[in-house]
$ cat structure.cif   # mmCIF, C-alpha atoms
data_protein
loop_
_atom_site.label_atom_id
_atom_site.label_comp_id
_atom_site.auth_asym_id
_atom_site.auth_seq_id
_atom_site.Cartn_x
_atom_site.Cartn_y
_atom_site.Cartn_z
CA MET N 30 101.87 106.84 93.19
CA LEU N 31 102.47 107.06 96.91
CA ASP N 32 104.10 110.50 97.08
CA GLU N 33 101.37 112.14 94.95
CA LEU N 34 98.69 110.76 97.25
CA THR N 35 100.21 111.44 100.64
CA ASP N 36 103.58 113.20 100.40
CA PHE N 37 105.02 109.89 101.72
CA ARG N 38 108.13 109.02 99.74
CA PRO N 39 109.82 105.61 99.89
CA LEU N 40 113.38 105.42 101.22
CA PRO N 41 114.90 102.54 99.24
CA ASP N 42 118.41 102.96 100.71
CA LEU N 43 118.20 101.58 104.25
CA ALA N 44 121.89 102.38 104.70
CA ALA N 45 120.96 106.09 104.66
CA LEU N 46 118.48 105.95 107.56
CA PRO N 47 118.75 108.53 110.36
CA PRO N 48 120.55 107.29 113.51
CA VAL N 49 117.52 106.21 115.58
CA LEU N 50 116.06 104.22 112.69
CA ALA N 51 119.44 102.72 111.76
CA ALA N 52 119.78 101.47 115.35
CA LEU N 53 116.25 100.01 115.25
CA LEU N 54 116.97 98.25 111.95
CA ALA N 55 120.24 96.81 113.32
CA TRP N 56 118.38 95.47 116.39
CA TRP N 57 115.67 93.85 114.19
CA GLU N 58 118.25 92.31 111.85
CA ARG N 59 120.10 90.77 114.83
CA LYS N 60 116.81 89.26 116.04
CA ARG N 61 116.06 87.86 112.59
CA GLU N 62 119.55 86.33 112.28
CA GLU N 63 119.50 84.81 115.79
CA GLU N 64 116.23 82.99 115.15
CA ALA N 65 116.52 82.43 111.35
CA ARG N 66 112.92 83.67 110.99
CA LEU N 67 110.92 86.86 111.35
CA PRO N 68 111.14 88.20 114.90
CA ARG N 69 108.11 87.59 117.16
CA ARG N 70 106.50 89.90 119.71
CA GLU N 71 108.26 87.88 122.41
CA ASP N 72 111.58 88.90 120.84
CA VAL N 73 110.86 92.57 121.56
CA ASN N 74 112.63 93.20 124.85
CA PRO N 75 112.45 96.90 125.83
CA ALA N 76 115.56 96.50 128.01
CA GLU N 77 117.59 95.91 124.82
CA ILE N 78 116.54 99.18 123.17
CA PRO N 79 115.82 101.72 125.95
CA ARG N 80 116.98 104.80 124.03
CA LEU N 81 114.75 103.86 121.08
CA LEU N 82 111.53 103.41 123.08
CA PRO N 83 110.34 107.05 122.87
CA HIS N 84 110.53 106.80 119.06
CA ILE N 85 108.74 103.50 118.42
CA ALA N 86 105.23 102.10 118.29
CA LEU N 87 104.16 98.48 118.41
CA LEU N 88 101.35 97.79 115.93
CA ASP N 89 98.83 94.95 115.61
CA ILE N 90 98.23 94.27 111.89
CA LEU N 91 94.53 93.77 111.18
CA ARG N 92 92.90 92.48 108.02
CA ASP N 93 89.58 92.87 106.20
CA PRO N 94 90.10 95.75 105.76
CA LEU N 95 93.85 96.13 106.17
CA ASP N 96 94.45 98.33 109.19
CA TYR N 97 96.60 98.47 112.29
CA ARG N 98 95.96 99.14 115.94
CA TYR N 99 98.44 100.95 118.17
CA ARG N 100 99.41 98.47 120.89
CA LEU N 101 102.11 100.63 122.44
CA ILE N 102 103.35 104.13 121.57
CA GLY N 103 106.58 105.81 122.65
CA THR N 104 106.44 109.07 124.56
CA ARG N 105 108.00 111.16 121.78
CA LEU N 106 105.35 109.94 119.36
CA VAL N 107 102.53 110.59 121.85
CA GLU N 108 103.78 114.17 122.28
CA THR N 109 103.95 114.68 118.51
CA MET N 110 100.49 113.20 117.93
CA GLY N 111 99.00 115.47 120.58
CA GLY N 112 97.71 112.65 122.77
CA GLU N 113 97.62 108.96 123.53
CA ARG N 114 96.44 106.65 120.75
CA THR N 115 97.09 103.25 122.32
CA GLY N 116 94.22 100.90 121.39
CA LYS N 117 93.07 103.04 118.46
CA ARG N 118 93.04 101.93 114.84
CA MET N 119 94.81 103.84 112.09
CA ARG N 120 91.45 104.35 110.35
CA GLU N 121 90.14 106.13 113.46
CA VAL N 122 92.90 108.73 113.66
CA MET N 123 94.08 109.46 110.10
CA ASP N 124 92.62 111.36 107.16
CA PRO N 125 91.67 109.36 104.02
CA PRO N 126 94.85 110.23 102.03
CA ALA N 127 97.05 109.12 104.93
CA ILE N 128 94.98 105.95 105.32
CA GLU N 129 95.38 105.09 101.63
CA GLY N 130 99.12 105.71 101.70
CA THR N 131 99.54 103.73 104.90
CA VAL N 132 97.56 100.79 103.49
CA MET N 133 99.88 100.80 100.47
CA LEU N 134 102.92 100.71 102.77
CA MET N 135 101.44 97.97 104.98
CA THR N 136 100.61 95.92 101.88
CA ARG N 137 104.24 96.21 100.78
CA LEU N 138 105.38 95.14 104.27
CA ILE N 139 103.13 92.06 104.23
CA GLU N 140 103.97 91.05 100.65
CA THR N 141 107.75 91.50 100.86
CA ARG N 142 108.19 90.51 104.54
CA GLU N 143 110.98 93.11 104.57
CA PRO N 144 111.41 96.50 106.27
CA VAL N 145 109.61 99.46 104.72
CA ALA N 146 111.10 102.94 105.09
CA PHE N 147 109.57 106.23 104.00
CA THR N 148 109.67 109.96 104.63
CA GLY N 149 107.17 112.80 104.46
CA ARG N 150 105.39 115.55 106.37
CA LEU N 151 102.91 115.16 109.22
CA PHE N 152 100.00 116.62 107.22
CA TRP N 153 97.35 114.40 108.89
CA LEU N 154 98.30 115.96 112.24
CA ARG N 155 98.08 119.46 110.71
CA LYS N 156 101.85 119.75 111.23
CA GLU N 157 103.00 120.10 107.61
CA TYR N 158 106.00 122.06 108.88
CA LEU N 159 107.32 118.93 110.60
CA GLY N 160 109.00 116.19 108.58
CA PHE N 161 109.61 112.59 109.51
CA HIS N 162 111.44 109.44 108.53
CA ALA N 163 109.74 106.16 109.41
CA LEU N 164 110.77 102.52 109.40
CA VAL N 165 108.27 99.68 109.74
CA LEU N 166 109.61 96.23 110.63
CA PRO N 167 107.51 93.06 110.36
CA LEU N 168 106.87 90.76 113.33
CA SER N 169 105.13 87.40 113.36
CA SER N 170 103.67 85.40 116.24
CA THR N 171 104.14 82.21 114.19
CA GLY N 172 107.36 83.10 112.40
CA GLU N 173 105.38 83.13 109.14
CA GLU N 174 102.30 85.39 108.95
CA ILE N 175 102.95 89.06 109.65
CA ASP N 176 100.52 90.05 112.40
CA MET N 177 102.48 92.80 114.15
CA ALA N 178 105.06 95.44 113.35
CA VAL N 179 107.48 97.75 115.09
CA MET N 180 107.45 101.26 113.68
CA GLY N 181 110.20 103.75 114.40
CA VAL N 182 109.79 107.45 113.66
CA GLU N 183 112.45 110.15 113.67
CA LEU N 184 111.17 113.72 113.44
CA GLY N 185 112.91 116.68 111.88
CA GLN N 186 112.79 119.24 109.15
CA PRO N 187 110.85 118.20 106.04
CA GLU N 188 112.92 117.24 103.02
CA GLU N 189 112.40 119.31 99.91
#
$ encode --input "structure.cif" --output "C-alpha cells"
Amino acid sequence: MLDELTDFRPLPDLAALPPVLAALLAWWERKREEEARLPRREDVNPAEIPRLLPHIALLDILRDPLDYRYRLIGTRLVETMGGERTGKRMREVMDPPAIEGTVMLMTRLIETREPVAFTGRLFWLRKEYLGFHALVLPLSSTGEEIDMAVMGVELGQPEE
C-alpha cells in the first residue's frame, strides 16, 4: 500500500485540511462551480491567491511513463527543496520509492478527476524530521483530460 512504500498516507477527510490547503481547495472548488467543468490553466490567476503562492506548484502532467514537470514553484517550496526545480521532471529529482508513491497518487488524480490529499515526511529530501500535508488539484486545458495540476504543500511536524 502507499504508506508502506513511501510513508505517504492518504487524507480522505478534505474538511480536516490545514488552513493553507483548505483555502486552496476552496479556491479550486469555486473555479469548478463557476465554469461547471474542471478548472483550466487560464483559470489560475495568481492575483486571486497571493498568500497561497509560496506554498503551491503548478505541474504539467506527462504520460508514457506517467510523470510531471514543475512548471512553477512557490518560494516556500523552493526553500524546502534546497533549490529551484522549475522545468525538472519528478523522475529527475525523487528517489524510486517517492516516484512510485507519487505515480500512484497521480494515477488516482487522473482516474477520479478529484482532489488528492496526503501526508508524510520529506524523506526524499533527506528531511525525515519535517512533515507535510499536500493537496493536488486537477486542471485541464480542454475541460476534460487532466494535463496539469496545482499542488499545495503545508510543512510542519510529522504526524505519528
$ resolve_selection --input "structure.cif" --expression "the PyMOL selection byres ((chain N and resi 159-172) around 6)" --output "short mmCIF file (atom, residue, chain, number, x, y, z; two decimals) with C-alpha atoms, in the frame of the given file"
data_model
loop_
_atom_site.label_atom_id
_atom_site.label_comp_id
_atom_site.auth_asym_id
_atom_site.auth_seq_id
_atom_site.Cartn_x
_atom_site.Cartn_y
_atom_site.Cartn_z
CA ARG N 66 112.92 83.67 110.99
CA LEU N 67 110.92 86.86 111.35
CA PRO N 68 111.14 88.20 114.90
CA ARG N 69 108.11 87.59 117.16
CA PRO N 144 111.41 96.50 106.27
CA VAL N 145 109.61 99.46 104.72
CA ALA N 146 111.10 102.94 105.09
CA PHE N 147 109.57 106.23 104.00
CA THR N 148 109.67 109.96 104.63
CA GLY N 149 107.17 112.80 104.46
CA ARG N 150 105.39 115.55 106.37
CA LEU N 151 102.91 115.16 109.22
CA LYS N 156 101.85 119.75 111.23
CA GLU N 157 103.00 120.10 107.61
CA TYR N 158 106.00 122.06 108.88
CA GLU N 173 105.38 83.13 109.14
CA GLU N 174 102.30 85.39 108.95
CA ILE N 175 102.95 89.06 109.65
CA ASP N 176 100.52 90.05 112.40
CA MET N 177 102.48 92.80 114.15
CA ALA N 178 105.06 95.44 113.35
CA VAL N 179 107.48 97.75 115.09
CA MET N 180 107.45 101.26 113.68
CA GLY N 181 110.20 103.75 114.40
CA VAL N 182 109.79 107.45 113.66
CA GLU N 183 112.45 110.15 113.67
CA LEU N 184 111.17 113.72 113.44
CA GLY N 185 112.91 116.68 111.88
CA GLN N 186 112.79 119.24 109.15
CA PRO N 187 110.85 118.20 106.04
#
$ resolve_selection --input "structure.cif" --expression "the PyMOL selection byres ((chain N and resi 42-54) around 7)" --output "count of residues only"
10
$ atom_distance --input "structure.cif" --atom1 "CA of Met119 in chain N" --atom2 "CA of Arg59 in chain N"
28.6 Å
$ closest_residue --input "structure.cif" --among "N:Arg38, N:Arg80, N:Arg120, N:Arg142" --to "Arg98 in chain N" --atoms "all atoms listed in the file"
N:Arg120
$ atom_distance --input "structure.cif" --atom1 "CA of Gly130 in chain N" --atom2 "CA of His84 in chain N"
20.8 Å
$ resolve_selection --input "structure.cif" --expression "the PyMOL selection byres ((chain N and resi 83) around 7)" --output "list in words"
Leu81, Leu82, His84, Ile85, Gly103, Thr104, Arg105 and Leu106 of chain N
$ closest_residue --input "structure.cif" --among "N:Glu108, N:Glu64, N:Asp96, N:Asp72" --to "Leu134 in chain N" --atoms "all atoms listed in the file"
N:Asp96
$ residues_near_point --input "structure.cif" --point "(97.9, 99.0, 118.3)" --cutoff "7 Å" --atoms "only C-alpha atoms" --output "list of chain:residue names"
N:Leu87, N:Leu88, N:Asp89, N:Tyr97, N:Arg98, N:Tyr99, N:Arg100, N:Leu101, N:Thr115, N:Gly116, N:Lys117, N:Arg118
$ atom_distance --input "structure.cif" --atom1 "CA of Val132 in chain N" --atom2 "CA of Glu71 in chain N"
25.3 Å
$ closest_residue --input "structure.cif" --among "N:Thr136, N:Glu62, N:Arg114, N:Met123" --to "Leu91 in chain N" --atoms "only C-alpha atoms"
N:Thr136
$ build_atoms --input "structure.cif" --residues "range 114-125 of chain N" --atoms "N, CA and C atoms" --output "compact mmCIF listing (two decimals), keeping the file's coordinate frame"
# COMPACT_ATOMS: atom_id res chain seq x y z
N ARG N 114 97.23 107.36 121.76
CA ARG N 114 96.44 106.65 120.75
C ARG N 114 96.48 105.14 120.95
N THR N 115 97.05 104.69 122.05
CA THR N 115 97.09 103.25 122.32
C THR N 115 95.67 102.68 122.26
N GLY N 116 95.52 101.56 121.55
CA GLY N 116 94.22 100.90 121.39
C GLY N 116 93.41 101.40 120.22
N LYS N 117 93.82 102.49 119.60
CA LYS N 117 93.07 103.04 118.46
C LYS N 117 93.60 102.45 117.15
N ARG N 118 92.69 102.39 116.19
CA ARG N 118 93.04 101.93 114.84
C ARG N 118 93.49 103.12 113.99
N MET N 119 94.35 102.82 113.02
CA MET N 119 94.81 103.84 112.09
C MET N 119 93.62 104.53 111.43
N ARG N 120 92.60 103.78 111.05
CA ARG N 120 91.45 104.35 110.35
C ARG N 120 90.63 105.29 111.23
N GLU N 121 90.84 105.24 112.54
CA GLU N 121 90.14 106.13 113.46
C GLU N 121 90.84 107.47 113.61
N VAL N 122 92.13 107.54 113.31
CA VAL N 122 92.90 108.73 113.66
C VAL N 122 93.55 109.42 112.47
N MET N 123 93.44 108.85 111.27
CA MET N 123 94.08 109.46 110.10
C MET N 123 93.04 109.91 109.09
N ASP N 124 93.44 110.90 108.27
CA ASP N 124 92.62 111.36 107.16
C ASP N 124 92.68 110.34 106.03
N PRO N 125 91.68 110.34 105.12
CA PRO N 125 91.67 109.36 104.02
C PRO N 125 92.96 109.28 103.19
